[in-house]
Structure formats: structure tokens, C-alpha cells
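Structure data (TSV, C-alpha atoms and all ligand atoms) from start.tsv:
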chain	number	residue	atom	x	y	z
A	13	MET	CA	211.55	106.53	164.19
A	14	ASN	CA	209.41	106.25	167.28
A	15	GLN	CA	207.14	103.29	167.34
A	16	ARG	CA	203.79	103.58	168.98
A	17	LYS	CA	201.65	101.67	171.42
A	18	GLY	CA	200.85	98.07	170.63
A	19	ASP	CA	203.79	97.66	168.31
A	20	ASN	CA	205.52	94.47	169.34
A	21	ARG	CA	208.59	94.72	167.21
A	22	GLY	CA	210.65	95.82	170.22
A	23	MET	CA	211.43	92.31	171.37
A	24	ALA	CA	212.19	90.81	167.97
A	25	PRO	CA	215.78	89.61	167.85
A	26	PRO	CA	217.91	91.50	165.37
A	27	ALA	CA	218.72	89.77	162.12
A	28	THR	CA	222.01	87.92	162.61
A	29	ASP	CA	223.84	85.56	160.41
A	30	PRO	CA	224.85	82.63	162.63
A	31	ASP	CA	227.71	81.79	160.26
A	32	ALA	CA	229.19	85.26	160.44
A	33	GLY	CA	230.74	84.65	163.88
A	34	PRO	CA	230.67	87.06	166.79
A	35	ILE	CA	230.08	90.75	166.14
A	36	ARG	CA	233.37	92.62	166.47
A	37	LEU	CA	233.24	95.51	168.93
A	38	THR	CA	236.33	97.69	168.59
A	39	PRO	CA	237.48	100.63	170.78
A	40	ASP	CA	236.49	103.18	168.11
A	41	LEU	CA	232.85	102.07	168.53
A	42	LEU	CA	232.79	102.72	172.28
A	43	VAL	CA	230.16	105.28	173.34
A	44	ALA	CA	230.66	105.19	177.13
A	45	ARG	CA	231.31	102.86	180.02
A	46	GLY	CA	228.99	102.64	183.01
A	47	HIS	CA	229.62	100.85	186.30
A	48	HIS	CA	228.56	97.50	184.83
A	49	ARG	CA	228.44	97.77	181.08
A	50	ALA	CA	230.23	99.27	178.15
A	51	CYS	CA	228.05	100.69	175.40
A	52	TYR	CA	229.22	100.36	171.76
A	53	VAL	CA	227.72	101.57	168.48
A	54	ASP	CA	226.38	98.48	166.70
A	55	PRO	CA	228.66	98.10	163.65
A	56	ARG	CA	225.64	96.75	161.71
A	57	ASP	CA	223.27	99.64	162.46
A	58	ARG	CA	224.23	103.14	163.62
A	59	ASP	CA	220.88	103.57	165.40
A	60	HIS	CA	221.53	100.60	167.66
A	61	CYS	CA	224.01	100.10	170.45
A	62	ILE	CA	225.34	96.88	171.94
A	63	LYS	CA	225.98	96.72	175.67
A	64	VAL	CA	228.46	94.21	177.09
A	65	TYR	CA	229.09	93.59	180.76
A	66	HIS	CA	232.58	94.36	182.06
A	67	ARG	CA	231.42	93.58	185.57
A	68	PRO	CA	229.00	90.67	185.41
A	69	ASP	CA	225.68	91.29	187.07
A	70	PRO	CA	223.22	88.64	185.91
A	71	LYS	CA	220.62	89.70	188.50
A	72	ASP	CA	220.53	93.18	187.06
A	73	LEU	CA	220.15	91.76	183.59
A	74	LYS	CA	217.22	89.58	184.63
A	75	ARG	CA	215.54	92.56	186.27
A	76	GLU	CA	215.91	94.64	183.12
A	77	GLN	CA	214.68	91.91	180.80
A	78	THR	CA	211.67	91.18	183.03
A	79	ALA	CA	210.77	94.86	183.05
A	80	TYR	CA	210.94	95.09	179.25
A	81	ARG	CA	208.70	92.01	178.99
A	82	VAL	CA	206.14	93.54	181.39
A	83	LEU	CA	206.15	96.78	179.38
A	84	GLN	CA	205.72	94.79	176.20
A	85	ARG	CA	202.74	93.00	177.70
A	86	HIS	CA	201.14	96.29	178.71
A	87	GLY	CA	201.55	97.54	175.14
A	88	ALA	CA	203.74	100.38	176.40
A	89	ASP	CA	204.63	103.35	174.32
A	90	TRP	CA	208.42	103.44	173.70
A	91	GLU	CA	208.68	107.11	172.95
A	92	LEU	CA	210.96	108.04	175.89
A	93	LEU	CA	212.72	104.69	176.40
A	94	SER	CA	215.52	103.11	174.43
A	95	ARG	CA	213.94	100.05	172.88
A	96	TYR	CA	215.42	96.63	173.52
A	97	PHE	CA	216.07	94.32	170.56
A	98	GLY	CA	217.55	91.16	172.10
A	99	GLU	CA	220.81	89.33	172.69
A	100	VAL	CA	223.75	88.80	170.32
A	101	THR	CA	227.20	87.25	170.51
A	102	THR	CA	230.18	89.58	170.35
A	103	ASN	CA	233.95	89.21	170.60
A	104	LEU	CA	233.55	90.64	174.15
A	105	GLY	CA	230.93	88.08	175.21
A	106	PRO	CA	227.14	88.28	175.23
A	107	GLY	CA	225.83	91.63	174.01
A	108	TYR	CA	222.44	93.27	174.46
A	109	VAL	CA	221.08	95.39	171.64
A	110	PHE	CA	219.22	98.65	172.35
A	111	GLU	CA	218.17	101.70	170.41
A	112	LEU	CA	221.05	104.21	170.38
A	113	ILE	CA	219.65	107.67	171.09
A	114	ARG	CA	220.97	110.39	168.77
A	115	ASP	CA	220.42	114.14	168.55
A	116	HIS	CA	218.94	115.77	165.45
A	117	ASP	CA	222.46	116.26	164.05
A	118	GLY	CA	223.42	112.60	164.41
A	119	ARG	CA	225.61	113.03	167.49
A	120	VAL	CA	224.98	110.41	170.19
A	121	SER	CA	222.81	112.09	172.83
A	122	ARG	CA	224.57	112.99	176.06
A	123	THR	CA	223.42	112.12	179.55
A	124	LEU	CA	221.74	114.58	181.89
A	125	GLU	CA	224.80	114.09	184.11
A	126	HIS	CA	226.97	115.43	181.29
A	127	TYR	CA	224.82	118.54	180.97
A	128	LEU	CA	224.74	119.11	184.75
A	129	ASP	CA	228.52	118.89	185.05
A	130	PRO	CA	229.97	122.44	184.84
A	131	ALA	CA	233.25	121.02	183.52
A	132	THR	CA	231.63	120.03	180.20
A	133	HIS	CA	230.62	123.65	179.47
A	134	GLU	CA	227.42	122.33	177.95
A	135	SER	CA	224.48	123.19	180.12
A	136	LEU	CA	220.75	123.13	179.60
A	137	THR	CA	218.51	126.06	180.36
A	138	ALA	CA	215.44	125.69	182.57
A	139	ALA	CA	213.38	126.41	179.42
A	140	GLU	CA	214.94	123.35	177.76
A	141	LEU	CA	214.88	121.09	180.79
A	142	THR	CA	211.53	121.79	182.45
A	143	PRO	CA	209.24	120.62	179.62
A	144	ALA	CA	211.45	117.56	179.05
A	145	MET	CA	211.27	116.69	182.77
A	146	ARG	CA	207.51	117.09	182.83
A	147	ALA	CA	207.07	114.93	179.75
A	148	LEU	CA	209.31	112.18	181.10
A	149	ARG	CA	207.51	112.07	184.43
A	150	ARG	CA	204.13	111.88	182.70
A	151	PHE	CA	205.43	109.19	180.36
A	152	LEU	CA	206.86	107.01	183.17
A	153	ILE	CA	203.62	107.19	185.15
A	154	ASP	CA	201.32	106.63	182.17
A	155	ASN	CA	203.31	103.64	180.98
A	156	ARG	CA	204.14	102.29	184.44
A	157	VAL	CA	207.85	102.28	183.78
A	158	ILE	CA	209.30	101.10	187.06
A	159	SER	CA	212.95	101.90	187.64
A	160	GLN	CA	215.45	101.42	190.43
A	161	GLU	CA	216.22	105.05	190.96
A	162	ILE	CA	216.11	107.86	188.48
A	163	ALA	CA	219.68	109.01	188.08
A	164	PRO	CA	221.11	111.75	185.80
A	165	ARG	CA	223.64	109.29	184.35
A	166	ASN	CA	220.81	107.04	183.15
A	167	LEU	CA	218.82	109.70	181.30
A	168	VAL	CA	219.88	111.22	178.00
A	169	PHE	CA	218.80	114.56	176.58
A	170	ARG	CA	217.98	114.14	172.88
A	171	ARG	CA	218.42	117.53	171.26
A	172	ARG	CA	215.92	118.63	168.66
A	173	ALA	CA	216.70	121.13	165.91
A	174	ASP	CA	214.55	123.82	167.61
A	175	ARG	CA	216.97	123.86	170.61
A	176	GLY	CA	214.54	121.97	172.79
A	177	GLY	CA	214.85	118.30	173.51
A	178	ASP	CA	213.48	115.20	175.15
A	179	LEU	CA	214.71	113.31	178.18
A	180	LEU	CA	214.81	109.55	177.69
A	181	MET	CA	215.53	106.75	180.13
A	182	ILE	CA	218.34	104.49	178.86
A	183	ASP	CA	219.15	102.37	181.91
A	184	ASP	CA	217.93	101.17	185.30
A	185	ILE	CA	214.57	100.02	184.07
A	186	GLY	CA	213.02	97.44	186.37
A	187	ASN	CA	213.16	97.20	190.12
A	188	ARG	CA	215.54	95.47	192.47
A	189	ASP	CA	212.82	94.13	194.75
A	190	TYR	CA	210.74	93.13	191.81
A	191	ILE	CA	207.41	91.85	193.01
A	192	PRO	CA	205.26	91.02	190.02
A	193	ILE	CA	202.04	92.07	191.73
A	194	ARG	CA	203.38	95.54	192.34
A	195	ASN	CA	203.94	95.93	188.63
A	196	HIS	CA	200.52	94.66	187.72
A	197	LEU	CA	198.59	96.84	190.14
A	198	ALA	CA	198.65	100.11	188.33
A	199	PHE	CA	198.15	102.38	191.32
A	200	MET	CA	200.97	100.75	193.28
A	201	ALA	CA	203.31	100.99	190.33
A	202	ARG	CA	202.41	104.63	189.80
A	203	ASN	CA	202.89	105.48	193.47
A	204	ARG	CA	206.31	103.96	193.35
A	205	ILE	CA	207.24	105.96	190.25
A	206	ARG	CA	206.08	109.15	192.02
A	207	LEU	CA	208.23	108.24	195.01
A	208	TYR	CA	211.35	107.71	192.86
A	209	TRP	CA	210.63	110.85	190.86
A	210	GLY	CA	210.39	112.87	194.08
A	211	ARG	CA	213.80	111.54	195.14
A	212	PHE	CA	215.23	112.38	191.72
A	213	GLU	CA	214.04	116.00	192.01
A	214	ALA	CA	215.40	116.24	195.56
A	215	ARG	CA	218.73	114.98	194.30
A	216	LEU	CA	218.80	117.56	191.51
A	217	ARG	CA	218.07	120.27	194.07
A	218	GLU	CA	220.51	119.12	196.72
A	219	GLY	CA	223.28	117.73	194.49
A	220	TYR	CA	223.18	120.23	191.65
A	221	GLY	CA	221.33	123.25	193.04
A	222	LEU	CA	218.76	122.77	190.31
A	223	ASP	CA	215.24	123.75	191.22
A	224	LEU	CA	212.85	123.57	188.33
A	225	GLY	CA	209.75	124.32	190.32
A	226	ALA	CA	207.01	121.92	191.26
A	227	ILE	CA	207.22	119.37	188.50
A	228	SER	CA	205.92	116.74	190.89
A	229	GLY	CA	203.54	119.02	192.75
A	230	PRO	CA	200.24	117.68	194.10
A	231	ASP	CA	198.36	118.82	190.99
A	232	SER	CA	200.38	116.75	188.58
A	233	ALA	CA	198.91	113.33	189.41
B	1	LIG	N1	220.63	103.91	174.40
B	1	LIG	C1	221.64	104.76	174.59
B	1	LIG	N2	221.76	105.89	173.85
B	1	LIG	C2	222.79	106.75	174.06
B	1	LIG	N3	223.76	106.56	174.99
B	1	LIG	C3	223.69	105.46	175.76
B	1	LIG	C4	222.63	104.51	175.61
B	1	LIG	N4	222.80	103.52	176.51
B	1	LIG	C5	223.91	103.83	177.19
B	1	LIG	N5	224.47	104.98	176.76
B	1	LIG	C6	225.70	105.59	177.30
B	1	LIG	O1	226.51	104.57	177.86
B	1	LIG	C7	226.64	104.74	179.29
B	1	LIG	C8	226.67	103.37	179.95
B	1	LIG	O2	225.50	102.62	179.64
B	1	LIG	P1	224.56	102.03	180.79
B	1	LIG	O3	224.04	103.14	181.61
B	1	LIG	O4	223.56	101.14	180.16
B	1	LIG	O5	225.64	101.15	181.61
B	1	LIG	P2	225.61	100.62	183.12
B	1	LIG	O6	226.98	100.14	183.44
B	1	LIG	O7	224.49	99.64	183.25
B	1	LIG	O8	225.27	101.92	183.96
B	1	LIG	P3	225.38	102.19	185.55
B	1	LIG	O9	226.71	102.85	185.74
B	1	LIG	O10	224.25	103.16	185.71
B	1	LIG	O11	225.21	100.89	186.25
B	1	LIG	C9	225.46	105.64	179.66
B	1	LIG	O12	225.69	106.34	180.85
B	1	LIG	C10	225.38	106.55	178.45
B	1	LIG	O13	226.40	107.53	178.48
B	2	MG	MG	223.82	103.45	183.58
Hey, can you dump this file as C-alpha cells for me?
Amino acid sequence: MNQRKGDNRGMAPPATDPDAGPIRLTPDLLVARGHHRACYVDPRDRDHCIKVYHRPDPKDLKREQTAYRVLQRHGADWELLSRYFGEVTTNLGPGYVFELIRDHDGRVSRTLEHYLDPATHESLTAAELTPAMRALRRFLIDNRVISQEIAPRNLVFRRRADRGGDLLMIDDIGNRDYIPIRNHLAFMARNRIRLYWGRFEARLREGYGLDLGAISGPDSA
């Protein structure tokens, strides 16, 4: 399912029949609502989701689309990102098609926020979370994936059959004060990712009492 470096299919628009009319998104297809968008299972493909804005934020959208284009240009690896497939028309307005992340058993993967919330009674052990955190940090730095902030609600934990899993970034890709040069100069981009990652770890420690050790220690480049 994962497509590798240099594969440019990520930006290809999904096949749509222009005569078929808007795609119908119904309440039973709803996955979750964020602050800006609602995320629906794509009725045409269970491995895709369609996001529609319930609170319009065109600046955010531009930021995200620019970031995906930059990643595309760099020949980024998509392993730990939800791929973007383009824009469609839905009964709820313009929709944006992404890869829908699912666990090994077909259930839609839950956010890190879900697993950190004691009320859900579904927690992750340090043995499950630490390797996934390390891999995501490495991935973001290697692929220069710039984000706004790294927030638990914008990461999902994709469970594997062996009880481990991977953390993927599903939202907040791209930066508010997007300065193209910062994204082209690799060392500046990577420093920024380290900065945001450090804040993310501090937030996990202070907000959730979660200390996974020195994932972003000085050794880890
Ligand atoms: N690719 C995906 N795979 C699985 N679940 C997803 C995916 N994209 C979004 N979701 C679910 O839908 C929720 C809302 O989507 P998203 O984060 O894109 O909306 P948003 O309104 O932009 O978020 P925010 O509240 O961070 O501004 C996510 O928190 C997550 O629960
Ligand atoms: Mg979000």
C-alpha cells in the first residue's frame, strides 16, 4: 500500500465522472470532525477520505497544498503521511481527497489524542509508542516535512497485527509563516522540525505526564 520515493502518483486527481454530479457525503460516512474540517470515508474507495470545510479557512488550505507540492518536488517518501489525491465536488461543497489510514483489522486508525485520553480506556504502552515516535521524528526530518505544530490530534496510530504500530501525520502539514527559502534550505527546514518536535515532546510531558525518554536527545540528529 505504501508508495515509495519518486512515485508521483500522489498528486494525480482521482478518477471522477463529471456527469455523475457531486459525491454524496452522508452522516454514516463521517469519521471525525476537527476544528475546520469534517472527514468522511470516500464512498468510492474505503481507503480514501474526503475532507470538507465546515469553517472555511482558505489560507490553511493553500498552506497545506503548497507543502504537498514541495514534498512532491523533493520526491518525498509518503510512508508516514496520508497522501493527498486532489479536489472533488461533494454535496457539502469542495472536498479534498486523502489516504484514509486504517489499522490491520480495517478499523480507521485513531488519533494519538484518543489513545492519550484516559476516558477512552485505550492506551498505548511505552513499548508501542517509543519506536513509533522515533520513526516519525526521523521520517519528518529526513523528508523535510514542515508542519505548524505537532499535535496529538493530528497524528494517528496505525495498529499492526503484532501489537506495534506506526504514527502518521494526517494534518497540519505546511507552515503558517511559509517562506519558500526556508523549505528549500534543508538545514533550516530540519532545524525547524527539531524545534517543533521538541515542543511536541514537552507538551506530552507537561500535558499528559508522558515521558518517553530522550527521543530528541542530542545524539539523534
Ligand atoms: N487520513 C486520515 N486517516 C484517519 N483519520 C483521519 C484522517 N484525516 C483525518 N482523520 C480524522 O478526522 C479528524 C479531523 O480531520 P483533520 O485533522 O484533517 O481536520 P481539521 O479540522 O483540519 O483539524 P484541526 O482541528 O486540527 O484544525 C482527525 O482528527 C482524525 O480523527
Ligand atoms: Mg486536525
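The residue that comes closest to A:Met181, out of A:Tyr52, A:Phe199, A:Phe151, A:Tyr208 and on the basis of only C-alpha atoms, is A:Phe151.
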| request: Quick one: residues within 10 Å of (213.3, 108.8, 178.9) (file frame), counting only C-alpha atoms, please, as a ChimeraX atom specification. | output: /A:90-94,144-145,147-149,151-152,157,166-170,178-183
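For ligand LIG 1 (chain B), the set of protein, DNA and RNA residues within 6 Å, based on all atoms listed in the file, reads Val43, Ala44, Arg45, Gly46, His47, His48, Arg49, Ala50, Cys51, Ser94, Phe110, Glu111, Leu112, Ile113, Val120, Ser121, Thr123, Arg165, Asn166, Ile182 and Asp183 of chain A.
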Would you output that residue set with C-alpha atoms, as a PDB file, keeping the file's coordinate frame?
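selection22.pdb written:
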ATOM      1  CA  VAL A  43     230.160 105.280 173.340  1.00  0.00           C
ATOM      2  CA  ALA A  44     230.660 105.190 177.130  1.00  0.00           C
ATOM      3  CA  ARG A  45     231.310 102.860 180.020  1.00  0.00           C
ATOM      4  CA  GLY A  46     228.990 102.640 183.010  1.00  0.00           C
ATOM      5  CA  HIS A  47     229.620 100.850 186.300  1.00  0.00           C
ATOM      6  CA  HIS A  48     228.560  97.500 184.830  1.00  0.00           C
ATOM      7  CA  ARG A  49     228.440  97.770 181.080  1.00  0.00           C
ATOM      8  CA  ALA A  50     230.230  99.270 178.150  1.00  0.00           C
ATOM      9  CA  CYS A  51     228.050 100.690 175.400  1.00  0.00           C
ATOM     10  CA  SER A  94     215.520 103.110 174.430  1.00  0.00           C
ATOM     11  CA  PHE A 110     219.220  98.650 172.350  1.00  0.00           C
ATOM     12  CA  GLU A 111     218.170 101.700 170.410  1.00  0.00           C
ATOM     13  CA  LEU A 112     221.050 104.210 170.380  1.00  0.00           C
ATOM     14  CA  ILE A 113     219.650 107.670 171.090  1.00  0.00           C
ATOM     15  CA  VAL A 120     224.980 110.410 170.190  1.00  0.00           C
ATOM     16  CA  SER A 121     222.810 112.090 172.830  1.00  0.00           C
ATOM     17  CA  THR A 123     223.420 112.120 179.550  1.00  0.00           C
ATOM     18  CA  ARG A 165     223.640 109.290 184.350  1.00  0.00           C
ATOM     19  CA  ASN A 166     220.810 107.040 183.150  1.00  0.00           C
ATOM     20  CA  ILE A 182     218.340 104.490 178.860  1.00  0.00           C
ATOM     21  CA  ASP A 183     219.150 102.370 181.910  1.00  0.00           C
TER      22      ASP A 183
END
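Among the candidates A:Arg215, A:Lys63, A:Arg156, A:Arg36, the one nearest to ligand MG 2 (chain B) when counting all atoms listed in the file is A:Lys63.
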| request: Determine the nearest neighbour of ligand MG 2 (chain B) from the options A:Ala139, A:Glu76, A:Asp223, A:Gly87, counting all atoms listed in the file. | output: A:Glu76
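The shortest atom-to-atom distance to ligand MG 2 (chain B), with all atoms listed in the file taken into account, belongs to A:Tyr65 out of A:Gly225, A:Tyr65, A:Glu99, A:Arg85.
Counting only C-alpha atoms, the residue from A:Gly107, A:Asp54, A:Asn155, A:Thr142 that sits nearest to A:Gln84 is A:Asn155.
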| message | Set the distance at 12 Å and use all atoms listed in the file: which residues neighbour A:Leu216 once local chain neighbours fewer than 6 positions away are removed? I'd like the list as a ChimeraX atom specification. | response | /A:124-125,128-129,141,145,162-165,209-210,222-225
Keeping C-alpha atoms, export the residues of the selection given above as a tab-separated table (two decimals), in the frame of the given file.
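Written output follows (part.tsv):
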chain	number	residue	atom	x	y	z
A	124	LEU	CA	221.74	114.58	181.89
A	125	GLU	CA	224.80	114.09	184.11
A	128	LEU	CA	224.74	119.11	184.75
A	129	ASP	CA	228.52	118.89	185.05
A	141	LEU	CA	214.88	121.09	180.79
A	145	MET	CA	211.27	116.69	182.77
A	162	ILE	CA	216.11	107.86	188.48
A	163	ALA	CA	219.68	109.01	188.08
A	164	PRO	CA	221.11	111.75	185.80
A	165	ARG	CA	223.64	109.29	184.35
A	209	TRP	CA	210.63	110.85	190.86
A	210	GLY	CA	210.39	112.87	194.08
A	222	LEU	CA	218.76	122.77	190.31
A	223	ASP	CA	215.24	123.75	191.22
A	224	LEU	CA	212.85	123.57	188.33
A	225	GLY	CA	209.75	124.32	190.32
Find the residues around A:Asp174 up to 12 Å (all atoms listed in the file counted), leave out those fewer than 2 positions away in its own chain, and share them as a compact mmCIF listing (two decimals) with C-alpha atoms, in the coordinates of the input.
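Final file, part18.txt:
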# COMPACT_ATOMS: atom_id res chain seq x y z
CA ASP A 115 220.42 114.14 168.55
CA HIS A 116 218.94 115.77 165.45
CA ASP A 117 222.46 116.26 164.05
CA GLU A 140 214.94 123.35 177.76
CA ARG A 170 217.98 114.14 172.88
CA ARG A 171 218.42 117.53 171.26
CA ARG A 172 215.92 118.63 168.66
CA GLY A 176 214.54 121.97 172.79
CA GLY A 177 214.85 118.30 173.51
CA ASP A 178 213.48 115.20 175.15
| Selection: 9 Å around A:Thr78, all atoms listed in the file, excl. self and same-chain fewer than 5 positions, as an MDAnalysis selection string | chainID A and resid 73 83 186
Box for stretch 35-49 of chain A: with edges along x, y and z, all listed atoms inside and 4 Å added on each side, what are the centre and edge lengths in Å to one decimal, as lines of an AutoDock Vina configuration file?
center_x = 233.0
center_y = 98.0
center_z = 176.2
size_x = 17.0
size_y = 22.5
size_z = 28.2
| From the set A:Arg211, A:Leu41, A:Arg81, A:Ser159, which residue has the shortest atom-to-atom contact distance to ligand MG 2 (chain B), counting all atoms listed in the file? | A:Ser159
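Here atom CA of A:Thr102 and atom CA of A:Leu42 stand 13.5 Å from one another.
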| message | So the first atom is atom CA of A:Ile185 and the second is atom CA of A:Leu104; what is the distance between them in Å, to one decimal place? | response | 23.4 Å
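The interatomic distance for the pair atom CA of A:Gly219 and atom CA of A:Arg67 works out to 27.0 Å.
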